[in-house]
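Enquirer: Got upload_16.pdb for you, PDB, C-alpha atoms:
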```pdb
ATOM      1  CA  MET L   1       0.999   2.107  15.659
ATOM      2  CA  SER L   2       2.176   4.186  12.706
ATOM      3  CA  ARG L   3       0.199   4.499   9.500
ATOM      4  CA  LEU L   4       2.846   2.370   7.808
ATOM      5  CA  ASP L   5       2.386  -0.414  10.388
ATOM      6  CA  SER L   6      -1.369  -0.138  10.130
ATOM      7  CA  PHE L   7      -1.336  -0.236   6.327
ATOM      8  CA  ILE L   8       0.908  -3.320   6.274
ATOM      9  CA  ARG L   9      -1.402  -5.074   8.721
ATOM     10  CA  ARG L  10      -4.412  -4.201   6.586
ATOM     11  CA  LEU L  11      -2.773  -5.661   3.465
ATOM     12  CA  GLU L  12      -1.608  -8.763   5.319
ATOM     13  CA  ALA L  13      -5.125  -9.232   6.696
ATOM     14  CA  GLN L  14      -6.536  -8.811   3.197
ATOM     15  CA  ARG L  15      -4.154 -11.382   1.774
ATOM     16  CA  ALA L  16      -4.780 -13.843   4.608
ATOM     17  CA  CYS L  17      -8.560 -13.511   4.214
ATOM     18  CA  LEU L  18      -8.427 -13.946   0.440
ATOM     19  CA  GLY L  19      -6.283 -17.052   0.893
ATOM     20  CA  ARG L  20      -8.660 -18.453   3.482
ATOM     21  CA  ALA L  21     -11.699 -17.703   1.301
ATOM     22  CA  VAL L  22     -10.175 -19.454  -1.697
ATOM     23  CA  ALA L  23      -9.514 -22.524   0.477
ATOM     24  CA  LEU L  24     -13.070 -22.426   1.836
ATOM     25  CA  VAL L  25     -14.658 -22.570  -1.613
ATOM     26  CA  GLU L  26     -12.243 -25.092  -3.056
ATOM     27  CA  GLU L  27     -15.014 -27.676  -3.418
ATOM     28  CA  LEU L  28     -17.533 -25.222  -4.876
ATOM     29  CA  ASP L  29     -17.840 -24.454  -8.558
ATOM     30  CA  GLY L  30     -18.426 -20.850  -9.401
ATOM     31  CA  ALA L  31     -17.000 -17.539 -10.482
ATOM     32  CA  VAL L  32     -15.074 -14.939  -8.516
ATOM     33  CA  LEU L  33     -16.458 -11.415  -8.237
ATOM     34  CA  GLU L  34     -14.057  -8.579  -7.434
ATOM     35  CA  LEU L  35     -16.045  -5.588  -6.245
ATOM     36  CA  GLY L  36     -13.730  -2.671  -6.866
ATOM     37  CA  LEU L  37     -10.598  -2.989  -8.988
ATOM     38  CA  GLY L  38      -8.566  -0.025  -7.750
ATOM     39  CA  ASN L  39      -4.925  -0.468  -8.720
ATOM     40  CA  GLY L  40      -5.577  -4.139  -9.499
ATOM     41  CA  ARG L  41      -3.413  -5.652  -6.757
ATOM     42  CA  THR L  42      -6.061  -7.920  -5.250
ATOM     43  CA  TYR L  43      -7.423  -8.760  -8.696
ATOM     44  CA  ASP L  44      -3.929  -9.906  -9.646
ATOM     45  CA  HIS L  45      -3.718 -11.883  -6.419
ATOM     46  CA  LEU L  46      -7.083 -13.578  -6.982
ATOM     47  CA  ARG L  47      -6.098 -14.356 -10.569
ATOM     48  CA  GLU L  48      -3.013 -16.110  -9.207
ATOM     49  CA  LEU L  49      -4.945 -17.977  -6.489
ATOM     50  CA  CYS L  50      -7.812 -18.999  -8.805
ATOM     51  CA  PRO L  51      -6.310 -19.562 -12.253
ATOM     52  CA  ASP L  52      -9.239 -21.741 -13.332
ATOM     53  CA  ARG L  53     -12.115 -19.518 -12.261
ATOM     54  CA  THR L  54     -13.760 -16.761 -14.236
ATOM     55  CA  ILE L  55     -13.192 -13.469 -12.420
ATOM     56  CA  TYR L  56     -15.754 -10.710 -12.932
ATOM     57  CA  VAL L  57     -14.763  -7.226 -11.850
ATOM     58  CA  CYS L  58     -16.973  -4.273 -10.937
ATOM     59  CA  GLU L  59     -15.317  -0.900 -11.288
ATOM     60  CA  ARG L  60     -16.559   2.629 -11.806
ATOM     61  CA  GLU L  61     -13.616   3.722 -13.922
ATOM     62  CA  VAL L  62     -10.535   1.635 -14.614
ATOM     63  CA  ALA L  63      -7.321   3.120 -13.203
ATOM     64  CA  ALA L  64      -5.407  -0.110 -12.607
ATOM     65  CA  HIS L  65      -1.935  -1.009 -13.749
ATOM     66  CA  PRO L  66      -2.227  -2.070 -17.424
ATOM     67  CA  ASP L  67      -1.215  -5.650 -16.494
ATOM     68  CA  CYS L  68      -4.188  -5.822 -14.129
ATOM     69  CA  VAL L  69      -7.045  -4.748 -16.372
ATOM     70  CA  PRO L  70      -9.610  -7.540 -16.775
ATOM     71  CA  PRO L  71     -10.792  -8.630 -20.217
ATOM     72  CA  ALA L  72     -13.603  -6.346 -21.395
ATOM     73  CA  GLU L  73     -16.199  -9.133 -21.328
ATOM     74  CA  LEU L  74     -15.601  -9.699 -17.598
ATOM     75  CA  LEU L  75     -15.578  -6.045 -16.605
ATOM     76  CA  LEU L  76     -18.787  -4.559 -15.204
ATOM     77  CA  LEU L  77     -18.031  -0.920 -15.779
ATOM     78  CA  GLY L  78     -19.967   1.737 -13.896
ATOM     79  CA  ASP L  79     -21.483   2.285 -10.480
ATOM     80  CA  MET L  80     -21.764  -1.200  -8.971
ATOM     81  CA  ARG L  81     -25.207  -0.358  -7.617
ATOM     82  CA  ASP L  82     -26.266  -0.317 -11.271
ATOM     83  CA  THR L  83     -24.021  -3.006 -12.706
ATOM     84  CA  LEU L  84     -24.836  -5.540  -9.970
ATOM     85  CA  ARG L  85     -28.510  -5.144 -10.835
ATOM     86  CA  TRP L  86     -27.694  -5.668 -14.492
ATOM     87  CA  ALA L  87     -25.575  -8.708 -13.589
ATOM     88  CA  ARG L  88     -28.257 -10.398 -11.507
ATOM     89  CA  PRO L  89     -29.995 -12.376 -14.263
ATOM     90  CA  ARG L  90     -26.587 -13.420 -15.618
ATOM     91  CA  LEU L  91     -24.737 -14.269 -12.399
ATOM     92  CA  GLU L  92     -27.462 -15.156  -9.905
ATOM     93  CA  GLY L  93     -26.228 -17.989  -7.667
ATOM     94  CA  ARG L  94     -23.102 -18.423  -9.790
ATOM     95  CA  VAL L  95     -20.478 -16.669  -7.661
ATOM     96  CA  ALA L  96     -18.424 -18.818  -5.271
ATOM     97  CA  LEU L  97     -16.234 -16.032  -3.925
ATOM     98  CA  ALA L  98     -16.750 -12.277  -3.810
ATOM     99  CA  HIS L  99     -14.331  -9.668  -2.515
ATOM    100  CA  PHE L 100     -15.598  -6.265  -1.513
ATOM    101  CA  ASP L 101     -13.154  -3.437  -0.908
ATOM    102  CA  ALA L 102     -14.996  -0.145  -0.935
ATOM    103  CA  ALA L 103     -11.698   1.732  -0.513
ATOM    104  CA  THR L 104     -13.515   4.941   0.251
ATOM    105  CA  GLY L 105     -10.835   5.790   2.799
ATOM    106  CA  ASP L 106     -13.540   6.619   5.313
ATOM    107  CA  ARG L 107     -15.049   4.106   7.703
ATOM    108  CA  ALA L 108     -18.571   5.512   7.873
ATOM    109  CA  THR L 109     -18.819   5.901   4.091
ATOM    110  CA  SER L 110     -17.533   2.340   3.568
ATOM    111  CA  LEU L 111     -20.064   0.911   6.020
ATOM    112  CA  ALA L 112     -22.927   2.793   4.392
ATOM    113  CA  PHE L 113     -21.836   1.734   0.904
ATOM    114  CA  ALA L 114     -21.439  -1.882   2.044
ATOM    115  CA  ALA L 115     -24.931  -1.851   3.590
ATOM    116  CA  GLU L 116     -26.358  -0.484   0.351
ATOM    117  CA  THR L 117     -24.475  -2.959  -1.844
ATOM    118  CA  ALA L 118     -24.867  -6.148   0.218
ATOM    119  CA  PRO L 119     -28.464  -6.875  -0.952
ATOM    120  CA  LEU L 120     -27.192  -6.675  -4.545
ATOM    121  CA  ILE L 121     -24.206  -8.960  -3.931
ATOM    122  CA  LEU L 122     -26.049 -11.581  -1.934
ATOM    123  CA  PRO L 123     -28.228 -13.024  -4.726
ATOM    124  CA  LEU L 124     -25.171 -13.551  -6.910
ATOM    125  CA  LEU L 125     -23.440 -15.720  -4.305
ATOM    126  CA  ARG L 126     -24.232 -19.385  -4.457
ATOM    127  CA  ALA L 127     -25.173 -21.196  -1.258
ATOM    128  CA  GLY L 128     -21.949 -21.832   0.656
ATOM    129  CA  GLY L 129     -20.197 -19.071  -1.265
ATOM    130  CA  VAL L 130     -17.878 -16.761   0.634
ATOM    131  CA  LEU L 131     -17.791 -12.977   0.782
ATOM    132  CA  VAL L 132     -14.547 -11.296   1.851
ATOM    133  CA  SER L 133     -15.135  -7.707   2.867
ATOM    134  CA  GLU L 134     -13.132  -4.930   4.369
ATOM    135  CA  PRO L 135     -16.185  -3.203   5.880
ATOM    136  CA  GLN L 136     -18.410  -5.143   8.202
ATOM    137  CA  ILE L 137     -21.649  -6.272   6.552
ATOM    138  CA  ASP L 138     -24.770  -7.091   8.472
ATOM    139  CA  ALA L 139     -27.178  -8.848   6.116
ATOM    140  CA  PRO L 140     -29.627 -11.710   6.545
ATOM    141  CA  GLY L 141     -28.250 -14.830   4.896
ATOM    142  CA  LEU L 142     -24.600 -13.957   5.551
ATOM    143  CA  TRP L 143     -22.857 -15.754   8.409
ATOM    144  CA  PRO L 144     -19.639 -14.358   9.822
ATOM    145  CA  LEU L 145     -16.721 -16.800   9.682
ATOM    146  CA  ALA L 146     -13.652 -17.004  11.909
ATOM    147  CA  LEU L 147     -10.715 -14.947  10.656
ATOM    148  CA  PRO L 148      -7.311 -16.443   9.870
ATOM    149  CA  GLU L 149      -4.781 -16.409  12.684
ATOM    150  CA  GLY L 150      -3.085 -13.069  13.092
ATOM    151  CA  VAL L 151      -5.958 -11.024  11.662
ATOM    152  CA  ALA L 152      -7.363  -8.735  14.343
ATOM    153  CA  ALA L 153     -11.151  -8.746  14.757
ATOM    154  CA  GLY L 154     -12.736  -6.013  12.667
ATOM    155  CA  ARG L 155      -9.764  -5.449  10.374
ATOM    156  CA  TYR L 156     -11.270  -7.593   7.621
ATOM    157  CA  HIS L 157     -14.379  -9.779   7.414
ATOM    158  CA  LEU L 158     -15.347 -13.181   6.050
ATOM    159  CA  TYR L 159     -18.939 -14.303   5.495
ATOM    160  CA  ARG L 160     -20.542 -17.461   4.182
ATOM    161  CA  ARG L 161     -23.842 -17.375   2.347
ATOM    162  CA  SER L 162     -26.249 -19.746   4.066
ATOM    163  CA  GLY L 163     -27.642 -22.647   2.069
TER     164      GLY L 163
ATOM    165  CA  MET H 164       4.315 -13.420  -7.138
ATOM    166  CA  SER H 165       1.163 -11.302  -7.333
ATOM    167  CA  ARG H 166       1.226  -7.517  -7.187
ATOM    168  CA  LEU H 167      -0.333  -7.764  -3.737
ATOM    169  CA  ASP H 168       2.503 -10.023  -2.529
ATOM    170  CA  SER H 169       5.077  -7.803  -4.140
ATOM    171  CA  PHE H 170       3.596  -4.633  -2.643
ATOM    172  CA  ILE H 171       3.508  -6.150   0.852
ATOM    173  CA  ARG H 172       7.139  -7.209   0.509
ATOM    174  CA  ARG H 173       8.110  -3.734  -0.612
ATOM    175  CA  LEU H 174       6.408  -2.142   2.401
ATOM    176  CA  GLU H 175       7.902  -4.695   4.780
ATOM    177  CA  ALA H 176      11.342  -4.059   3.286
ATOM    178  CA  GLN H 177      10.804  -0.325   3.659
ATOM    179  CA  ARG H 178       9.809  -0.710   7.301
ATOM    180  CA  ALA H 179      12.700  -3.062   8.068
ATOM    181  CA  CYS H 180      15.220  -0.692   6.437
ATOM    182  CA  LEU H 181      13.861   2.356   8.253
ATOM    183  CA  GLY H 182      14.061   0.464  11.553
ATOM    184  CA  ARG H 183      17.614  -0.653  10.816
ATOM    185  CA  ALA H 184      18.650   2.879   9.795
ATOM    186  CA  VAL H 185      17.241   4.381  12.986
ATOM    187  CA  ALA H 186      19.213   1.834  15.027
ATOM    188  CA  LEU H 187      22.381   2.561  13.031
ATOM    189  CA  VAL H 188      22.296   6.280  13.796
ATOM    190  CA  GLU H 189      21.248   5.917  17.419
ATOM    191  CA  GLU H 190      24.549   7.359  18.634
ATOM    192  CA  LEU H 191      24.577  10.202  16.106
ATOM    193  CA  ASP H 192      22.951  13.565  16.702
ATOM    194  CA  GLY H 193      21.169  15.039  13.751
ATOM    195  CA  ALA H 194      17.929  15.607  11.926
ATOM    196  CA  VAL H 195      15.874  13.272   9.782
ATOM    197  CA  LEU H 196      15.171  14.174   6.164
ATOM    198  CA  GLU H 197      12.179  12.607   4.428
ATOM    199  CA  LEU H 198      12.568  13.015   0.679
ATOM    200  CA  GLY H 199       9.028  12.682  -0.616
ATOM    201  CA  LEU H 200       6.009  12.793   1.679
ATOM    202  CA  GLY H 201       3.404  11.021  -0.463
ATOM    203  CA  ASN H 202       0.509   9.910   1.695
ATOM    204  CA  GLY H 203       2.637  10.442   4.803
ATOM    205  CA  ARG H 204       2.886   6.810   5.929
ATOM    206  CA  THR H 205       6.659   6.640   6.232
ATOM    207  CA  TYR H 206       6.780  10.151   7.677
ATOM    208  CA  ASP H 207       4.381   8.967  10.369
ATOM    209  CA  HIS H 208       6.533   5.900  10.928
ATOM    210  CA  LEU H 209       9.744   7.936  11.224
ATOM    211  CA  ARG H 210       8.004  10.332  13.598
ATOM    212  CA  GLU H 211       7.133   7.358  15.778
ATOM    213  CA  LEU H 212      10.640   5.856  15.593
ATOM    214  CA  CYS H 213      12.435   9.183  16.163
ATOM    215  CA  PRO H 214      10.238  11.215  18.503
ATOM    216  CA  ASP H 215      13.169  13.410  19.576
ATOM    217  CA  ARG H 216      14.583  14.275  16.173
ATOM    218  CA  THR H 217      13.597  17.157  13.943
ATOM    219  CA  ILE H 218      12.150  15.743  10.720
ATOM    220  CA  TYR H 219      12.423  17.856   7.577
ATOM    221  CA  VAL H 220      10.265  16.866   4.635
ATOM    222  CA  CYS H 221      10.729  17.600   0.943
ATOM    223  CA  GLU H 222       7.563  17.451  -1.099
ATOM    224  CA  ARG H 223       6.442  18.962  -4.364
ATOM    225  CA  GLU H 224       2.813  19.360  -3.348
ATOM    226  CA  VAL H 225       1.318  18.067  -0.116
ATOM    227  CA  ALA H 226      -1.339  15.381  -0.610
ATOM    228  CA  ALA H 227      -0.849  13.468   2.644
ATOM    229  CA  HIS H 228      -3.429  12.493   5.203
ATOM    230  CA  PRO H 229      -4.101  15.623   7.330
ATOM    231  CA  ASP H 230      -2.591  13.853  10.387
ATOM    232  CA  CYS H 231       0.653  13.388   8.479
ATOM    233  CA  VAL H 232       1.364  16.904   7.281
ATOM    234  CA  PRO H 233       4.610  18.243   8.758
ATOM    235  CA  PRO H 234       4.718  21.638  10.473
ATOM    236  CA  ALA H 235       5.175  24.408   7.893
ATOM    237  CA  GLU H 236       8.629  25.361   9.194
ATOM    238  CA  LEU H 237       9.944  21.828   8.516
ATOM    239  CA  LEU H 238       8.393  21.433   5.075
ATOM    240  CA  LEU H 239      10.572  22.124   2.044
ATOM    241  CA  LEU H 240       7.860  22.649  -0.505
ATOM    242  CA  GLY H 241       8.663  22.417  -4.200
ATOM    243  CA  ASP H 242      10.857  20.395  -6.521
ATOM    244  CA  MET H 243      13.503  18.835  -4.282
ATOM    245  CA  ARG H 244      16.180  19.624  -6.847
ATOM    246  CA  ASP H 245      15.525  23.261  -5.940
ATOM    247  CA  THR H 246      14.699  22.964  -2.255
ATOM    248  CA  LEU H 247      17.709  20.769  -1.454
ATOM    249  CA  ARG H 248      19.942  23.470  -2.932
ATOM    250  CA  TRP H 249      18.157  26.059  -0.821
ATOM    251  CA  ALA H 250      18.515  23.811   2.249
ATOM    252  CA  ARG H 251      22.240  23.252   1.839
ATOM    253  CA  PRO H 252      23.535  26.245   3.839
ATOM    254  CA  ARG H 253      20.972  25.466   6.573
ATOM    255  CA  LEU H 254      21.292  21.686   6.828
ATOM    256  CA  GLU H 255      24.782  20.902   5.574
ATOM    257  CA  GLY H 256      26.229  18.019   7.606
ATOM    258  CA  ARG H 257      23.261  18.101   9.993
ATOM    259  CA  VAL H 258      21.195  15.152   8.776
ATOM    260  CA  ALA H 259      21.719  11.798  10.507
ATOM    261  CA  LEU H 260      19.120   9.863   8.531
ATOM    262  CA  ALA H 261      17.578  10.509   5.133
ATOM    263  CA  HIS H 262      14.888   8.472   3.406
ATOM    264  CA  PHE H 263      14.437   8.710  -0.324
ATOM    265  CA  ASP H 264      11.342   7.278  -1.962
ATOM    266  CA  ALA H 265      10.984   8.678  -5.430
ATOM    267  CA  ALA H 266       7.665   6.859  -5.873
ATOM    268  CA  THR H 267       7.664   7.531  -9.571
ATOM    269  CA  GLY H 268       6.193   4.094 -10.185
ATOM    270  CA  ASP H 269       8.778   3.491 -12.864
ATOM    271  CA  ARG H 270      12.185   1.963 -12.221
ATOM    272  CA  ALA H 271      14.159   3.834 -14.862
ATOM    273  CA  THR H 272      12.646   7.196 -13.902
ATOM    274  CA  SER H 273      13.352   6.523 -10.211
ATOM    275  CA  LEU H 274      16.965   5.609 -10.916
ATOM    276  CA  ALA H 275      17.498   8.722 -13.023
ATOM    277  CA  PHE H 276      15.865  10.935 -10.418
ATOM    278  CA  ALA H 277      17.921   9.330  -7.644
ATOM    279  CA  ALA H 278      21.143   9.869  -9.614
ATOM    280  CA  GLU H 279      20.234  13.514 -10.130
ATOM    281  CA  THR H 280      19.259  14.063  -6.489
ATOM    282  CA  ALA H 281      22.048  12.134  -4.725
ATOM    283  CA  PRO H 282      24.680  14.907  -5.111
ATOM    284  CA  LEU H 283      22.206  17.291  -3.438
ATOM    285  CA  ILE H 284      21.404  14.925  -0.562
ATOM    286  CA  LEU H 285      24.958  13.881   0.172
ATOM    287  CA  PRO H 286      26.284  17.208   1.562
ATOM    288  CA  LEU H 287      23.387  17.380   4.015
ATOM    289  CA  LEU H 288      24.251  14.002   5.562
ATOM    290  CA  ARG H 289      26.722  14.100   8.393
ATOM    291  CA  ALA H 290      29.640  11.668   8.361
ATOM    292  CA  GLY H 291      28.291   8.291   9.452
ATOM    293  CA  GLY H 292      24.763   9.340   8.538
ATOM    294  CA  VAL H 293      22.528   6.800   6.807
ATOM    295  CA  LEU H 294      20.527   7.092   3.606
ATOM    296  CA  VAL H 295      17.614   4.708   3.082
ATOM    297  CA  SER H 296      16.570   4.605  -0.546
ATOM    298  CA  GLU H 297      14.198   2.643  -2.654
ATOM    299  CA  PRO H 298      16.174   3.178  -5.865
ATOM    300  CA  GLN H 299      19.786   2.153  -5.982
ATOM    301  CA  ILE H 300      22.177   5.100  -5.694
ATOM    302  CA  ASP H 301      25.713   5.023  -6.944
ATOM    303  CA  ALA H 302      27.524   8.047  -5.543
ATOM    304  CA  PRO H 303      31.054   8.618  -4.290
ATOM    305  CA  GLY H 304      31.011   8.902  -0.492
ATOM    306  CA  LEU H 305      28.052   6.545  -0.032
ATOM    307  CA  TRP H 306      28.834   2.999   1.114
ATOM    308  CA  PRO H 307      26.219   0.288   0.690
ATOM    309  CA  LEU H 308      25.250  -1.433   3.950
ATOM    310  CA  ALA H 309      23.914  -4.929   4.504
ATOM    311  CA  LEU H 310      20.124  -5.163   4.394
ATOM    312  CA  PRO H 311      18.034  -6.477   7.289
ATOM    313  CA  GLU H 312      17.217 -10.162   7.228
ATOM    314  CA  GLY H 313      14.319 -10.993   4.938
ATOM    315  CA  VAL H 314      14.868  -8.036   2.609
ATOM    316  CA  ALA H 315      15.779  -9.258  -0.865
ATOM    317  CA  ALA H 316      18.790  -7.623  -2.495
ATOM    318  CA  GLY H 317      17.735  -4.685  -4.637
ATOM    319  CA  ARG H 318      14.281  -4.241  -3.103
ATOM    320  CA  TYR H 319      15.460  -1.404  -0.879
ATOM    321  CA  HIS H 320      18.880   0.123  -0.188
ATOM    322  CA  LEU H 321      20.877   1.353   2.794
ATOM    323  CA  TYR H 322      23.962   3.561   2.516
ATOM    324  CA  ARG H 323      26.307   5.124   5.033
ATOM    325  CA  ARG H 324      28.042   8.421   4.328
ATOM    326  CA  SER H 325      31.772   7.952   4.737
ATOM    327  CA  GLY H 326      33.548  10.024   7.386
TER     328      GLY H 326
END
```
Is it possible to give me this structure as structure tokens?
Expert:
Amino acid sequence: MSRLDSFIRRLEAQRACLGRAVALVEELDGAVLELGLGNGRTYDHLRELCPDRTIYVCEREVAAHPDCVPPAELLLLGDMRDTLRWARPRLEGRVALAHFDAATGDRATSLAFAAETAPLILPLLRAGGVLVSEPQIDAPGLWPLALPEGVAAGRYHLYRRSG
Amino acid sequence: MSRLDSFIRRLEAQRACLGRAVALVEELDGAVLELGLGNGRTYDHLRELCPDRTIYVCEREVAAHPDCVPPAELLLLGDMRDTLRWARPRLEGRVALAHFDAATGDRATSLAFAAETAPLILPLLRAGGVLVSEPQIDAPGLWPLALPEGVAAGRYHLYRRSG
């Protein structure tokens, strides 16, 4: 498979998982948390899928397309290992859907970063809330969910926070 | 349509057009010319689709994934407005398939760059050769071809050099 094929499959998997996650939390109140803004493509997608939810965004340094920059009051700017700690008293148990895309470009680095970040994300998720993650996350309290049809195992991940 | 949707459609259109172009030149001998390497995804894809063709690559400065860097003797390094002139005596009429992706991120800039570059690409294409281009190109001697099914008009372009 070429890198073009592989990249398209990754994006399609990402889109399918975000769509599934939004459907899974339809009955749950709560905010969306985008962990990593990047160019803003998935933020824009989530904004379209969840027009009535507040979307918080963690990003080290904003480099997104100007149309995809979140309002300042919803942007947690800085290293998310710091900002998620800062956010805890404000967002604890208030997030219905989180999306984590480390986008480090390296599998081992992504896994390590995800392992380090998961304990900071988890308390923000409400019971029944869903975490969509590119890297696999192995954390107590997170239950892996079935992937949408067409998404190969391991390409993207869906987790539900236990109640 | 979100930026994620739009990006996926662009990549799918790109892949469909490259596949169509390769099929269209199946009976024609000649090299492939990749105009812009970027991260190397489409170069990798063309390499997979055309394992028996020589693939020349124009790029200002290589920033591709290490797996996707062309051999030095096939890399035309520098501003393609210079390197295409340099390549003319070597490649004139020898290219069966060219792919142009200006990747400027801005429509007007891409169109202007394409208009400036087209007269340098055209002499390298052999009669019947195909040019795949993201920006529209309006040049004498290039005939627009029908797009593959599912590719919206204007999203990507296919041209055949007249005989």
Enquirer: Using all atoms listed in the file, which residues of chain H come within 6 Å of chain L, and what is the closest atom pair for each, with the distance in Å to one decimal? Give it as CSV, sorted by chain and residue number.
Expert:
```
residue,atom,partner,partner_atom,distance
H:Ser165,CA,L:His45,CA,5.0
H:Arg166,CA,L:Arg41,CA,5.0
H:Leu167,CA,L:Arg41,CA,4.8
H:Arg204,CA,L:Leu4,CA,4.8
H:Thr205,CA,L:Leu4,CA,5.9
H:Asp207,CA,L:Ser2,CA,5.8
H:His208,CA,L:Ser2,CA,5.0
```
Enquirer: Excluding same-chain residues fewer than 3 positions from Pro311 (chain H), what lies within 8 Å of it counting all atoms listed in the file, as a list in words?
Expert: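 In the requested format, the answer is Ala179, Cys180, Arg183 and Val314 of chain H.
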Enquirer: With all atoms listed in the file as the atoms that count, which of L:Glu61, L:Asp79, L:Glu134, L:Glu73 lies nearest to Ala13 (chain L)?
Expert: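 The closest residue to Ala13 (chain L) is L:Glu134.
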Enquirer: (-22.5, -20.1, -12.7) in this file's frame - what residues fall within 12 Å of it? Use only C-alpha atoms and give the answer as a VMD selection string.
Expert: chain L and resid 28 to 33 53 to 56 87 to 97 124 to 127 129
Enquirer: Run the PyMOL selection byres ((chain H and resi 235) around 12) mentally over the shown coordinates, then write out the matched residues as a list of chain:residue names, using the chain letters and numbers from the document.
Expert: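 With the PyMOL selection byres ((chain H and resi 235) around 12) on this model, the match is H:Ile218, H:Tyr219, H:Val220, H:Cys221, H:Glu222, H:Val225, H:Cys231, H:Val232, H:Pro233, H:Pro234, H:Glu236, H:Leu237, H:Leu238, H:Leu239, H:Leu240.
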Enquirer: What is the distance between CA of Leu24 (chain L) and CA of Thr104 (chain L), in Å to one decimal?
Expert: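 Between CA of Leu24 (chain L) and CA of Thr104 (chain L) the gap is 27.4 Å.
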Enquirer: In Å to one decimal, how far is CA of Asp215 (chain H) from CA of Ala309 (chain H)?
Expert: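 Here the two named atoms are 26.1 Å from each other.
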Enquirer: Mind pulling up the distance from CA of Tyr322 (chain H) to CA of Asp245 (chain H)?
Expert: 23.0 Å
Enquirer: I want to know what sits within 10 Å of region 268-276 of chain H, based on all atoms listed in the file, with residues of the same chain fewer than 6 positions away left out; could you give that as a list in words?
Expert: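 Result of the neighbour search: Arg244, Glu297, Pro298, Gln299, Ile300 and Asp301 of chain H.
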Enquirer: Taking all atoms of region 13-27 of chain L that the file lists, what box with edges along x, y and z, padded by 5 Å per side, do you get, with centre and edge lengths in Å to one decimal, as lines of an AutoDock Vina configuration file?
Expert:
```
center_x = -9.6
center_y = -18.2
center_z = 1.6
size_x = 20.9
size_y = 28.9
size_z = 20.1
```
